[in-house]
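Student: File follows, final_25.txt with compact mmCIF, C-alpha atoms and all ligand atoms:
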```txt
# COMPACT_ATOMS: atom_id res chain seq x y z
CA MET A 1 69.73 -6.81 14.57
CA ARG A 2 71.57 -8.89 17.17
CA ILE A 3 73.40 -12.05 16.14
CA ILE A 4 75.04 -14.59 18.41
CA VAL A 5 77.69 -16.76 16.81
CA ILE A 6 78.57 -19.91 18.77
CA GLY A 7 82.14 -21.11 18.18
CA ALA A 8 85.18 -19.07 17.10
CA GLY A 9 86.68 -21.49 14.57
CA PRO A 10 87.08 -20.54 10.89
CA ALA A 11 83.30 -20.70 10.29
CA GLY A 12 82.31 -18.66 13.34
CA SER A 13 84.95 -15.95 13.09
CA THR A 14 84.26 -15.51 9.37
CA ALA A 15 80.51 -15.27 10.05
CA ALA A 16 81.11 -12.77 12.86
CA GLU A 17 83.46 -10.59 10.78
CA THR A 18 81.05 -10.61 7.83
CA ALA A 19 77.92 -9.77 9.86
CA ALA A 20 79.66 -7.10 11.96
CA GLY A 21 81.10 -5.56 8.78
CA LEU A 22 77.55 -5.29 7.46
CA GLY A 23 76.51 -3.32 10.53
CA ALA A 24 74.93 -6.02 12.73
CA GLU A 25 75.50 -6.26 16.46
CA VAL A 26 77.46 -9.52 16.85
CA ILE A 27 78.43 -11.55 19.90
CA LEU A 28 80.95 -14.35 19.27
CA VAL A 29 81.03 -16.93 22.07
CA GLU A 30 83.89 -19.45 22.37
CA ARG A 31 84.14 -22.09 25.06
CA ARG A 32 87.92 -22.38 24.88
CA MET A 33 90.00 -20.03 26.99
CA GLU A 34 92.33 -19.53 24.05
CA ILE A 35 90.95 -19.34 20.50
CA GLY A 36 92.70 -21.81 18.18
CA SER A 37 94.14 -23.96 20.95
CA PRO A 38 94.38 -26.90 21.20
CA VAL A 39 94.78 -27.33 17.44
CA GLN A 40 92.67 -30.11 15.87
CA CYS A 41 93.89 -29.93 12.29
CA GLY A 42 96.59 -30.99 9.86
CA GLY A 43 96.80 -27.38 8.66
CA PHE A 44 96.61 -28.17 4.94
CA ILE A 45 94.75 -25.54 2.89
CA PRO A 46 95.00 -25.58 -0.91
CA GLU A 47 96.18 -22.40 -2.64
CA ALA A 48 93.44 -20.09 -3.91
CA SER A 49 93.92 -21.28 -7.51
CA GLU A 50 93.18 -24.86 -6.41
CA LEU A 51 90.23 -23.74 -4.30
CA ARG A 52 88.65 -21.97 -7.27
CA ASP A 53 88.76 -25.29 -9.08
CA LEU A 54 87.60 -27.30 -6.05
CA LEU A 55 84.70 -24.96 -5.23
CA PRO A 56 83.97 -23.35 -8.61
CA ASP A 57 80.64 -21.78 -7.58
CA ALA A 58 81.82 -20.39 -4.25
CA ARG A 59 82.77 -16.80 -3.54
CA LEU A 60 85.92 -17.29 -1.46
CA PRO A 61 86.42 -14.92 1.50
CA GLU A 62 89.48 -12.69 1.04
CA THR A 63 90.91 -14.18 4.26
CA LEU A 64 91.03 -17.57 2.52
CA VAL A 65 92.45 -16.28 -0.76
CA GLU A 66 95.21 -14.25 0.90
CA ILE A 67 96.41 -16.02 4.02
CA PRO A 68 99.13 -13.82 5.56
CA GLU A 69 102.60 -15.25 4.98
CA ARG A 70 103.31 -15.32 8.71
CA PHE A 71 100.83 -18.19 9.10
CA ILE A 72 102.14 -20.23 6.16
CA LEU A 73 104.73 -22.63 7.51
CA ASN A 74 105.38 -24.41 4.23
CA ARG A 75 104.09 -24.75 0.66
CA THR A 76 103.58 -28.07 -1.08
CA ARG A 77 103.61 -28.77 -4.79
CA VAL A 78 102.16 -32.27 -5.03
CA GLN A 79 99.85 -34.68 -3.31
CA ARG A 80 101.22 -38.21 -3.09
CA LEU A 81 99.04 -41.25 -2.45
CA TYR A 82 100.26 -44.65 -1.27
CA ALA A 83 98.18 -47.76 -1.96
CA PRO A 84 98.10 -50.63 0.57
CA SER A 85 100.65 -52.42 -1.66
CA GLY A 86 103.07 -49.50 -1.16
CA ARG A 87 102.76 -48.37 -4.76
CA SER A 88 102.58 -44.56 -4.99
CA ALA A 89 101.14 -42.00 -7.39
CA GLU A 90 101.22 -38.23 -7.28
CA PHE A 91 99.44 -35.29 -8.86
CA PRO A 92 100.05 -31.56 -8.66
CA VAL A 93 98.28 -29.71 -5.84
CA ALA A 94 99.60 -26.35 -4.70
CA GLY A 95 99.03 -26.31 -0.95
CA ARG A 96 99.62 -24.10 2.05
CA CYS A 97 100.56 -25.72 5.36
CA VAL A 98 99.17 -23.32 7.88
CA ASP A 99 99.71 -22.58 11.56
CA ARG A 100 96.06 -23.17 12.53
CA ARG A 101 96.43 -21.73 16.01
CA GLY A 102 97.73 -18.43 14.64
CA PHE A 103 95.30 -18.44 11.72
CA ASP A 104 92.21 -19.00 13.92
CA ARG A 105 93.30 -16.17 16.21
CA TYR A 106 93.88 -13.89 13.22
CA LEU A 107 90.32 -14.58 12.01
CA ALA A 108 88.97 -13.82 15.49
CA HIS A 109 91.03 -10.59 15.65
CA ARG A 110 89.46 -9.52 12.38
CA ALA A 111 85.97 -10.25 13.69
CA ALA A 112 86.71 -8.12 16.77
CA ARG A 113 88.11 -5.26 14.67
CA ALA A 114 84.98 -5.36 12.50
CA GLY A 115 82.98 -4.71 15.68
CA ALA A 116 82.06 -8.17 17.02
CA GLN A 117 82.08 -8.64 20.78
CA LEU A 118 84.19 -11.70 21.71
CA ILE A 119 83.48 -13.77 24.80
CA VAL A 120 86.03 -16.55 25.31
CA GLY A 121 86.00 -19.20 28.04
CA THR A 122 82.22 -19.35 27.77
CA GLU A 123 80.10 -22.29 26.67
CA ALA A 124 76.75 -21.81 24.98
CA ASP A 125 73.80 -24.13 25.30
CA VAL A 126 70.51 -24.03 23.41
CA ARG A 127 67.38 -24.71 25.46
CA GLY A 128 64.24 -24.52 23.40
CA GLN A 129 64.53 -21.27 21.48
CA SER A 130 66.95 -19.65 23.96
CA VAL A 131 70.72 -19.46 24.17
CA TRP A 132 72.22 -19.72 27.64
CA VAL A 133 75.90 -19.17 28.36
CA LYS A 134 78.09 -20.33 31.19
CA GLY A 135 81.67 -19.40 32.03
CA ARG A 136 83.22 -15.94 31.94
CA ARG A 137 79.72 -14.68 31.19
CA GLU A 138 76.56 -16.29 32.55
CA GLY A 139 72.88 -16.22 31.67
CA LEU A 140 70.50 -15.84 28.77
CA ILE A 141 71.58 -14.01 25.60
CA ASP A 142 68.81 -12.58 23.48
CA ALA A 143 69.42 -12.63 19.76
CA ASP A 144 67.47 -12.36 16.51
CA VAL A 145 69.75 -14.91 14.80
CA VAL A 146 71.88 -17.75 16.21
CA ILE A 147 74.73 -19.08 14.07
CA GLY A 148 75.87 -22.53 15.20
CA ALA A 149 79.52 -22.70 14.17
CA ASP A 150 80.31 -24.98 17.07
CA GLY A 151 82.14 -27.75 15.27
CA PRO A 152 81.55 -31.45 14.67
CA ALA A 153 79.78 -32.16 17.99
CA SER A 154 77.52 -29.11 17.58
CA ALA A 155 75.04 -28.39 20.38
CA VAL A 156 73.11 -26.12 17.99
CA ALA A 157 72.78 -28.93 15.42
CA ARG A 158 71.45 -31.21 18.14
CA ALA A 159 68.98 -28.59 19.31
CA ILE A 160 67.43 -28.13 15.86
CA GLY A 161 67.41 -31.86 15.09
CA ALA A 162 70.10 -31.82 12.39
CA VAL A 163 71.51 -35.31 12.21
CA GLN A 164 74.86 -35.96 10.54
CA ARG A 165 74.68 -38.62 7.86
CA ASP A 166 77.14 -41.53 8.00
CA GLU A 167 79.67 -42.24 10.69
CA PRO A 168 82.39 -39.65 11.37
CA GLY A 169 86.12 -40.13 10.97
CA ILE A 170 87.98 -40.43 14.26
CA CYS A 171 91.44 -38.86 14.16
CA LEU A 172 94.67 -38.77 16.11
CA GLU A 173 97.60 -36.65 15.00
CA TYR A 174 101.15 -36.01 16.20
CA GLU A 175 103.26 -32.99 15.44
CA MET A 176 106.67 -34.58 14.95
CA VAL A 177 110.14 -33.07 14.68
CA ASP A 178 113.38 -34.52 13.29
CA VAL A 179 111.60 -36.34 10.49
CA ASP A 180 113.05 -36.91 7.04
CA ILE A 181 110.03 -35.89 4.97
CA ASP A 182 109.55 -34.48 1.47
CA ARG A 183 108.66 -30.81 2.03
CA ASP A 184 107.04 -30.59 -1.39
CA ALA A 185 104.44 -33.30 -0.82
CA ALA A 186 101.34 -33.80 1.29
CA GLU A 187 101.03 -37.58 1.58
CA MET A 188 98.09 -39.93 2.13
CA TYR A 189 98.56 -43.62 2.99
CA PHE A 190 95.82 -46.23 2.58
CA GLY A 191 95.51 -49.76 3.87
CA ASP A 192 93.66 -51.73 6.52
CA ARG A 193 96.81 -52.13 8.60
CA TRP A 194 97.55 -48.39 8.69
CA ALA A 195 94.14 -46.68 8.70
CA PRO A 196 91.03 -48.90 8.62
CA GLY A 197 88.23 -47.04 6.81
CA GLY A 198 90.30 -43.90 6.31
CA TYR A 199 93.87 -42.88 5.67
CA ALA A 200 97.08 -41.85 7.38
CA TRP A 201 98.77 -38.59 6.41
CA ILE A 202 102.03 -36.68 6.55
CA ILE A 203 101.75 -32.91 6.12
CA PRO A 204 105.15 -31.18 6.03
CA LEU A 205 105.27 -28.04 8.15
CA GLY A 206 108.72 -26.94 6.97
CA ASP A 207 112.26 -27.89 8.03
CA ASP A 208 112.11 -31.32 9.65
CA ILE A 209 108.63 -30.89 11.17
CA ALA A 210 105.38 -32.57 10.09
CA ASN A 211 101.85 -33.31 11.18
CA VAL A 212 101.48 -37.08 11.09
CA GLY A 213 98.02 -38.45 11.65
CA VAL A 214 95.50 -41.15 11.12
CA GLY A 215 91.73 -41.05 10.56
CA VAL A 216 89.67 -44.24 10.87
CA ARG A 217 86.02 -45.28 11.02
CA ARG A 218 84.42 -47.40 13.70
CA SER A 219 82.67 -49.85 11.37
CA TYR A 220 86.00 -50.89 9.82
CA ILE A 221 87.47 -51.95 13.16
CA ARG A 222 86.70 -55.11 15.10
CA GLY A 223 86.62 -54.62 18.88
CA GLU A 224 87.97 -51.59 20.71
CA ILE A 225 89.51 -48.74 18.75
CA ASP A 226 93.13 -48.34 19.82
CA LEU A 227 93.93 -45.14 17.96
CA PRO A 228 97.34 -44.56 19.62
CA GLY A 229 98.25 -48.16 18.72
CA ILE A 230 97.18 -47.65 15.09
CA LEU A 231 99.16 -44.42 14.72
CA ARG A 232 102.19 -45.94 16.45
CA ARG A 233 102.09 -48.86 14.04
CA PHE A 234 101.98 -46.49 11.06
CA VAL A 235 104.87 -44.40 12.40
CA GLU A 236 107.04 -47.37 13.32
CA GLU A 237 106.18 -50.06 10.80
CA HIS A 238 104.96 -48.61 7.52
CA PRO A 239 107.59 -49.72 4.98
CA HIS A 240 107.98 -46.21 3.51
CA ALA A 241 106.66 -43.78 6.15
CA GLY A 242 108.39 -45.70 8.93
CA GLU A 243 111.75 -44.89 7.32
CA LEU A 244 110.93 -41.18 7.05
CA LEU A 245 109.66 -40.92 10.61
CA ARG A 246 112.17 -43.27 12.25
CA LYS A 247 114.07 -40.63 14.24
CA GLY A 248 111.03 -38.39 14.88
CA GLU A 249 109.98 -37.12 18.28
CA THR A 250 106.40 -36.12 19.09
CA VAL A 251 105.95 -32.57 20.37
CA ALA A 252 102.14 -32.37 20.35
CA VAL A 253 99.22 -34.81 20.29
CA MET A 254 95.90 -33.77 18.72
CA ARG A 255 92.56 -35.54 18.51
CA GLY A 256 89.32 -34.79 16.78
CA ILE A 257 86.45 -36.02 14.69
CA VAL A 258 85.58 -35.29 11.08
CA PRO A 259 81.97 -35.31 9.92
CA ALA A 260 82.40 -36.94 6.52
CA GLY A 261 78.81 -37.69 5.54
CA GLY A 262 77.82 -34.42 3.89
CA MET A 263 75.15 -31.96 4.98
CA PRO A 264 72.30 -33.02 7.25
CA ASP A 265 68.73 -32.51 5.97
CA ILE A 266 68.38 -29.32 8.00
CA ILE A 267 70.97 -26.54 8.26
CA GLN A 268 68.50 -23.78 9.13
CA SER A 269 65.50 -23.81 11.39
CA GLY A 270 63.71 -20.63 12.46
CA ARG A 271 66.41 -18.21 13.62
CA PHE A 272 69.10 -20.92 13.87
CA LEU A 273 71.72 -21.46 11.13
CA LEU A 274 74.52 -24.04 11.03
CA ALA A 275 77.89 -23.43 9.35
CA GLY A 276 81.15 -25.37 8.97
CA ASP A 277 81.65 -28.76 10.63
CA ALA A 278 78.38 -28.25 12.53
CA ALA A 279 76.64 -28.48 9.13
CA GLY A 280 78.83 -31.25 7.65
CA HIS A 281 80.62 -28.74 5.38
CA VAL A 282 83.62 -31.03 4.87
CA MET A 283 84.97 -32.72 1.74
CA ALA A 284 84.16 -36.37 2.44
CA THR A 285 87.02 -37.58 0.24
CA SER A 286 89.78 -35.79 2.17
CA GLY A 287 88.28 -34.58 5.46
CA GLY A 288 89.34 -31.04 4.50
CA GLY A 289 86.89 -28.57 6.01
CA VAL A 290 88.56 -25.19 6.58
CA PRO A 291 87.80 -23.66 3.14
CA LEU A 292 84.16 -24.81 3.18
CA ALA A 293 83.72 -23.62 6.78
CA MET A 294 84.92 -20.15 5.77
CA VAL A 295 82.67 -19.96 2.70
CA ALA A 296 79.70 -21.13 4.79
CA GLY A 297 80.59 -18.66 7.55
CA ARG A 298 80.63 -15.83 5.03
CA ILE A 299 77.19 -16.81 3.69
CA ALA A 300 75.78 -17.23 7.22
CA GLY A 301 77.08 -13.76 8.19
CA GLU A 302 75.54 -12.18 5.10
CA VAL A 303 72.07 -13.71 5.42
CA ALA A 304 72.04 -13.11 9.19
CA ALA A 305 72.90 -9.41 8.80
CA ALA A 306 70.19 -9.06 6.14
CA HIS A 307 67.81 -11.14 8.29
CA ASP A 308 66.97 -13.14 5.21
CA LEU A 309 67.34 -16.55 6.82
CA ASP A 310 65.05 -18.46 4.47
CA VAL A 311 67.58 -18.14 1.64
CA TYR A 312 70.42 -19.65 3.69
CA THR A 313 69.99 -23.27 2.59
CA SER A 314 69.67 -22.39 -1.10
CA ARG A 315 72.69 -20.03 -0.93
CA ILE A 316 74.79 -22.80 0.62
CA GLU A 317 73.46 -25.26 -1.92
CA ARG A 318 74.38 -22.95 -4.80
CA GLU A 319 77.97 -22.35 -3.62
CA LEU A 320 78.90 -25.66 -1.98
CA GLY A 321 76.20 -28.21 -2.86
CA ALA A 322 77.74 -29.89 -5.91
CA PRO A 323 81.26 -30.53 -4.54
CA LEU A 324 79.86 -31.67 -1.19
CA ARG A 325 77.43 -34.14 -2.76
CA GLY A 326 80.06 -35.33 -5.25
CA SER A 327 82.59 -35.99 -2.49
CA VAL A 328 80.07 -37.99 -0.43
CA MET A 329 79.09 -40.07 -3.43
CA ILE A 330 82.71 -40.85 -4.28
CA ARG A 331 83.56 -41.64 -0.69
CA ARG A 332 80.73 -44.19 -0.68
CA ILE A 333 82.18 -45.85 -3.78
CA VAL A 334 85.69 -45.83 -2.31
CA ASP A 335 84.25 -47.26 0.92
CA LYS A 336 83.37 -50.41 -0.97
CA ALA A 337 86.95 -50.72 -2.28
CA MET A 338 88.28 -50.08 1.23
CA ARG A 339 86.66 -53.26 2.53
CA SER A 340 89.75 -55.07 1.25
CA ASP A 341 93.33 -54.03 0.53
CA ARG A 342 93.24 -56.16 -2.61
CA SER A 343 90.35 -54.25 -4.15
CA MET A 344 91.92 -50.94 -3.08
CA ASP A 345 95.14 -51.95 -4.86
CA VAL A 346 93.18 -52.88 -7.99
CA VAL A 347 91.33 -49.53 -8.03
CA PHE A 348 94.64 -47.74 -7.47
CA SER A 349 96.30 -49.54 -10.38
CA LEU A 350 93.43 -48.65 -12.74
CA LEU A 351 93.45 -44.90 -12.15
CA ASP A 352 95.85 -42.38 -13.63
CA PRO A 353 97.02 -39.61 -11.28
CA MET A 354 94.84 -36.84 -12.76
CA THR A 355 91.76 -39.05 -12.37
CA MET A 356 92.77 -39.51 -8.73
CA LYS A 357 92.88 -35.74 -8.38
CA ASP A 358 89.38 -35.45 -9.87
CA ILE A 359 88.10 -38.11 -7.51
CA GLN A 360 89.53 -36.30 -4.53
CA ARG A 361 87.76 -33.13 -5.67
CA GLY A 362 84.47 -35.01 -5.68
CA ARG A 363 84.26 -35.46 -9.47
CA LEU A 364 83.62 -38.79 -11.12
CA PRO A 365 85.59 -39.64 -14.25
CA ALA A 366 83.21 -39.67 -17.24
CA PRO A 367 82.98 -43.49 -17.69
CA LEU A 368 81.83 -43.85 -14.07
CA GLU A 369 79.26 -41.01 -14.23
CA ARG A 370 76.43 -43.52 -14.69
CA LEU A 371 77.12 -44.80 -11.13
CA ARG A 372 76.13 -41.39 -9.77
CA SER A 373 72.43 -42.16 -9.25
CA MET A 374 73.29 -45.30 -7.26
CA PHE A 375 75.23 -43.37 -4.66
CA THR A 376 73.81 -39.83 -4.61
CA PRO A 377 72.11 -39.23 -1.24
C1 LIG B 401 92.89 -34.33 13.10
C2 LIG B 401 92.23 -33.43 12.11
C3 LIG B 401 92.96 -32.94 11.02
C4 LIG B 401 92.36 -32.08 10.09
N1 LIG B 401 93.11 -31.59 9.08
C5 LIG B 401 92.57 -30.70 8.21
C6 LIG B 401 93.37 -30.12 7.19
O1 LIG B 401 94.57 -30.39 7.07
N2 LIG B 401 92.77 -29.22 6.35
C7 LIG B 401 91.44 -28.88 6.46
O2 LIG B 401 90.94 -28.06 5.65
N3 LIG B 401 90.67 -29.43 7.42
C8 LIG B 401 91.19 -30.31 8.31
N4 LIG B 401 90.43 -30.82 9.32
C9 LIG B 401 89.02 -30.35 9.44
C10 LIG B 401 89.00 -28.93 10.00
O3 LIG B 401 89.76 -28.87 11.18
C11 LIG B 401 87.54 -28.50 10.26
O4 LIG B 401 86.76 -28.79 9.12
C12 LIG B 401 87.44 -27.01 10.60
O5 LIG B 401 88.13 -26.70 11.79
C13 LIG B 401 85.99 -26.61 10.72
O6 LIG B 401 85.87 -25.28 11.19
P1 LIG B 401 84.61 -24.87 12.08
O7 LIG B 401 84.77 -23.42 12.38
O8 LIG B 401 83.37 -25.35 11.46
O9 LIG B 401 84.74 -25.73 13.42
P2 LIG B 401 85.92 -25.77 14.53
O10 LIG B 401 87.22 -25.37 13.95
O11 LIG B 401 85.77 -27.09 15.17
O12 LIG B 401 85.47 -24.62 15.53
C14 LIG B 401 84.36 -24.79 16.37
C15 LIG B 401 84.59 -23.94 17.61
O13 LIG B 401 83.41 -23.96 18.41
C16 LIG B 401 83.77 -24.06 19.78
N5 LIG B 401 82.61 -24.62 20.48
C17 LIG B 401 82.12 -25.88 20.35
N6 LIG B 401 81.00 -26.01 21.11
C18 LIG B 401 80.80 -24.80 21.74
C19 LIG B 401 79.82 -24.32 22.63
N7 LIG B 401 78.81 -25.09 23.05
N8 LIG B 401 79.91 -23.04 23.07
C20 LIG B 401 80.95 -22.24 22.64
N9 LIG B 401 81.91 -22.66 21.78
C21 LIG B 401 81.83 -23.92 21.32
C22 LIG B 401 84.99 -24.97 19.75
O14 LIG B 401 85.76 -24.80 20.92
C23 LIG B 401 85.71 -24.48 18.50
O15 LIG B 401 86.61 -23.44 18.77
C24 LIG B 401 90.99 -31.69 10.25
C25 LIG B 401 90.25 -32.19 11.34
C26 LIG B 401 90.85 -33.05 12.25
C27 LIG B 401 90.04 -33.54 13.42
```
What would you get if you wrote out this structure as structure tokens?

Tutor:
Amino acid sequence: MRIIVIGAGPAGSTAAETAAGLGAEVILVERRMEIGSPVQCGGFIPEASELRDLLPDARLPETLVEIPERFILNRTRVQRLYAPSGRSAEFPVAGRCVDRRGFDRYLAHRAARAGAQLIVGTEADVRGQSVWVKGRREGLIDADVVIGADGPASAVARAIGAVQRDEPGICLEYEMVDVDIDRDAAEMYFGDRWAPGGYAWIIPLGDDIANVGVGVRRSYIRGEIDLPGILRRFVEEHPHAGELLRKGETVAVMRGIVPAGGMPDIIQSGRFLLAGDAAGHVMATSGGGVPLAMVAGRIAGEVAAAHDLDVYTSRIERELGAPLRGSVMIRRIVDKAMRSDRSMDVVFSLLDPMTMKDIQRGRLPAPLERLRSMFTP
């Protein structure tokens, strides 16, 4: 049994480690010269206790439950949300702020130690039923199974006709130093002026360092998208965040897209499987995708090694289906509120913090349950 895994992010490395550990011959192909770099992530991963609540039907990989301390830069206690009006609310969320570059490399090391062959600096392309690679290795690679773990702009998804639902979030993030942030809190800021169609965030990385970013959506912006201008405005002018970030200096700039529309209709076709961002495995309410990518990678590795590909979609559905669908439905409801700061402020004032936490986990508060059928894809 030969498996080719395309993309050595959290989904791909987890799939490769799992399949190799089950005795399959695995080739893990990564187009970057250096796995994990450049980083395209805020680095926020909830603690295992939170993840068990967020993804109650999922079997979490051990590598997600026990992230080695050397990759945990900081731990947060709460999540704090700011409405467009500036009013804030917070709820408890135990979070790990992770060094993604180190963590991605650690996952790839584990895949290699389990027996996977790693080929970095090599881009894969799917032509018909064949996988061709170009870079440090060239030519056709024969495989019984192809796992597309190649991120939000997945070539494998394109090749099998998997179309992402809804428009993606477009993100820009700075790693900033000399900022005066609350190390205990991961913060989200809403408002048309700061993040049209999305939110801005501050994720504390320990000491006086933080990831500060903004995610927006095209349809909420008139004219050209000036992402640097939007993030600069948030950093310099937000009445609260601007104070915290006033003295900050930027040491890294990161960009990326977040597929926030849930799973496409197809995540498996013939011998091709999709996992992680390539399959829309992202919580649409927060843009958080690392835990889901790792769960999906584990499932992909297991079904690939057993060559039982027809069960892939139902296995994913069983472990991740409900939270994914719930988060998309809620995001669609919140989208309506986001069309105006006034309605966003009203929604914010009506919800108590624990209801906000439920909403972020993709769960509707009981009185709103009857709206489910209107928004479920
Ligand atoms: C700005 C930003 C901030 C974020 N913050 C968070 C956060 O705080 N917490 C969280 O949980 N999630 C966050 N996310 C989402 C998270 O980063 C992704 O959900 C996660 O990385 C998905 O993992 P993956 O393995 O599916 O894909 P990726 O991590 O994207 O890995 C895909 C890999 O495939 C490689 N690749 C792509 N195409 C090819 C090809 N043709 N051939 C070979 N290799 C290829 C890429 O180089 C890459 O290494 C954030 C995303 C962005 C953009």

Student: Around ligand LIG 401 (chain B), which protein and nucleic acid residues have at least one atom no more than 6 Å from it, if we count all atoms listed in the file? List them as a PyMOL selection string.

Tutor: chain A and resi 6-12+29-32+40-45+123-125+149-151+154-155+171-173+255-258+276-278+282+287-291+293

Student: Just the number, please: distance in Å from atom CA of A:Ser130 to atom CA of A:His307, one decimal.

Tutor: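 Separation between atom CA of A:Ser130 and atom CA of A:His307: 17.9 Å.
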
Student: Rank nothing, just name the residue among A:Arg87, A:Arg100, A:Arg2, A:Arg75 nearest to A:His240, using all atoms listed in the file.

Tutor: A:Arg87

Student: List every residue of stretch 51-92 of chain A that has an atom at most 9 Å from any atom of stretch 332-343 of chain A, giving for each one its closest atom pair and the distance in Å to one decimal, counting only C-alpha atoms, sorted by chain and then by ascending residue number, as CSV.

Tutor:
```
residue,atom,partner,partner_atom,distance
A:Ala83,CA,A:Asp341,CA,8.3
A:Pro84,CA,A:Asp341,CA,5.9
A:Ser85,CA,A:Asp341,CA,7.8
```

Student: State, in Å with one decimal place, the distance from atom CA of A:Leu227 to atom CA of A:Trp194.

Tutor: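 So the two atoms, atom CA of A:Leu227 and atom CA of A:Trp194, lie 10.5 Å apart.
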
Student: Could you tell me which of A:Ala279, A:Leu245, A:Val346, A:Leu324 comes closest to A:Arg233 if we count all atoms listed in the file?

Tutor: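 For A:Arg233, the nearest of the candidates is A:Leu245.
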
Student: Smallest atom-to-atom distance to A:Ala112: which of A:Leu60, A:Val212, A:Ala19, A:Ala300, using all atoms listed in the file?

Tutor: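 For A:Ala112, the nearest of the given residues is A:Ala19.
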
Student: Could you give me, as a VMD selection string, the residues within 10 Å of A:Gly206, counting all atoms listed in the file and dropping anything in the same chain fewer than 4 positions from it?

Tutor: chain A and resid 72 to 76 97 177 181 to 184 210

Student: Store the residues picked out above in a file with C-alpha atoms, as a compact mmCIF listing (two decimals), in the coordinates of the input.

Tutor:
```txt
# COMPACT_ATOMS: atom_id res chain seq x y z
CA ILE A 72 102.14 -20.23 6.16
CA LEU A 73 104.73 -22.63 7.51
CA ASN A 74 105.38 -24.41 4.23
CA ARG A 75 104.09 -24.75 0.66
CA THR A 76 103.58 -28.07 -1.08
CA CYS A 97 100.56 -25.72 5.36
CA VAL A 177 110.14 -33.07 14.68
CA ILE A 181 110.03 -35.89 4.97
CA ASP A 182 109.55 -34.48 1.47
CA ARG A 183 108.66 -30.81 2.03
CA ASP A 184 107.04 -30.59 -1.39
CA ALA A 210 105.38 -32.57 10.09
```

Student: Would you mind telling me which residue in A:Arg105, A:Arg96, A:Arg52, A:Arg363 lies nearest to A:Ile35 when using all atoms listed in the file?

Tutor: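 Under the stated criterion, the closest residue is A:Arg105.
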
Student: Between atom CA of A:Ala48 and atom CA of A:Leu292, what is the distance, to one decimal in Å?

Tutor: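 Atom-to-atom, atom CA of A:Ala48 to atom CA of A:Leu292, that is 12.6 Å.
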
Student: Tell me which protein, DNA and RNA residues are within 8 Å of stretch 347-362 of chain A, counting all atoms listed in the file, leaving out same-chain ones fewer than 5 positions away, and put them as an MDAnalysis selection string.

Tutor: chainID A and resid 54 83 89:91 283 285:286 323:330 337

Student: Using all atoms of stretch 255-269 of chain A that appear in the file, construct an axis-aligned enclosing box with 3 Å of padding on every side and provide its centre coordinates and edge lengths in Å, rounded to one decimal, as AutoDock Vina command-line options.

Tutor:
```
--center_x 79.0 --center_y -30.7 --center_z 11.2 --size_x 33.1 --size_y 19.9 --size_z 20.6
```

Student: Might you pull out every residue within 8 Å of A:Met263, with all atoms listed in the file counted and same-chain residues fewer than 3 positions away left off, and present them as a list in words?

Tutor: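 Near neighbours after the sequence-gap exclusion: Gln164, Arg165, Ile266, Ile267, Ala279, Gly280, His281 and Leu324 of chain A.
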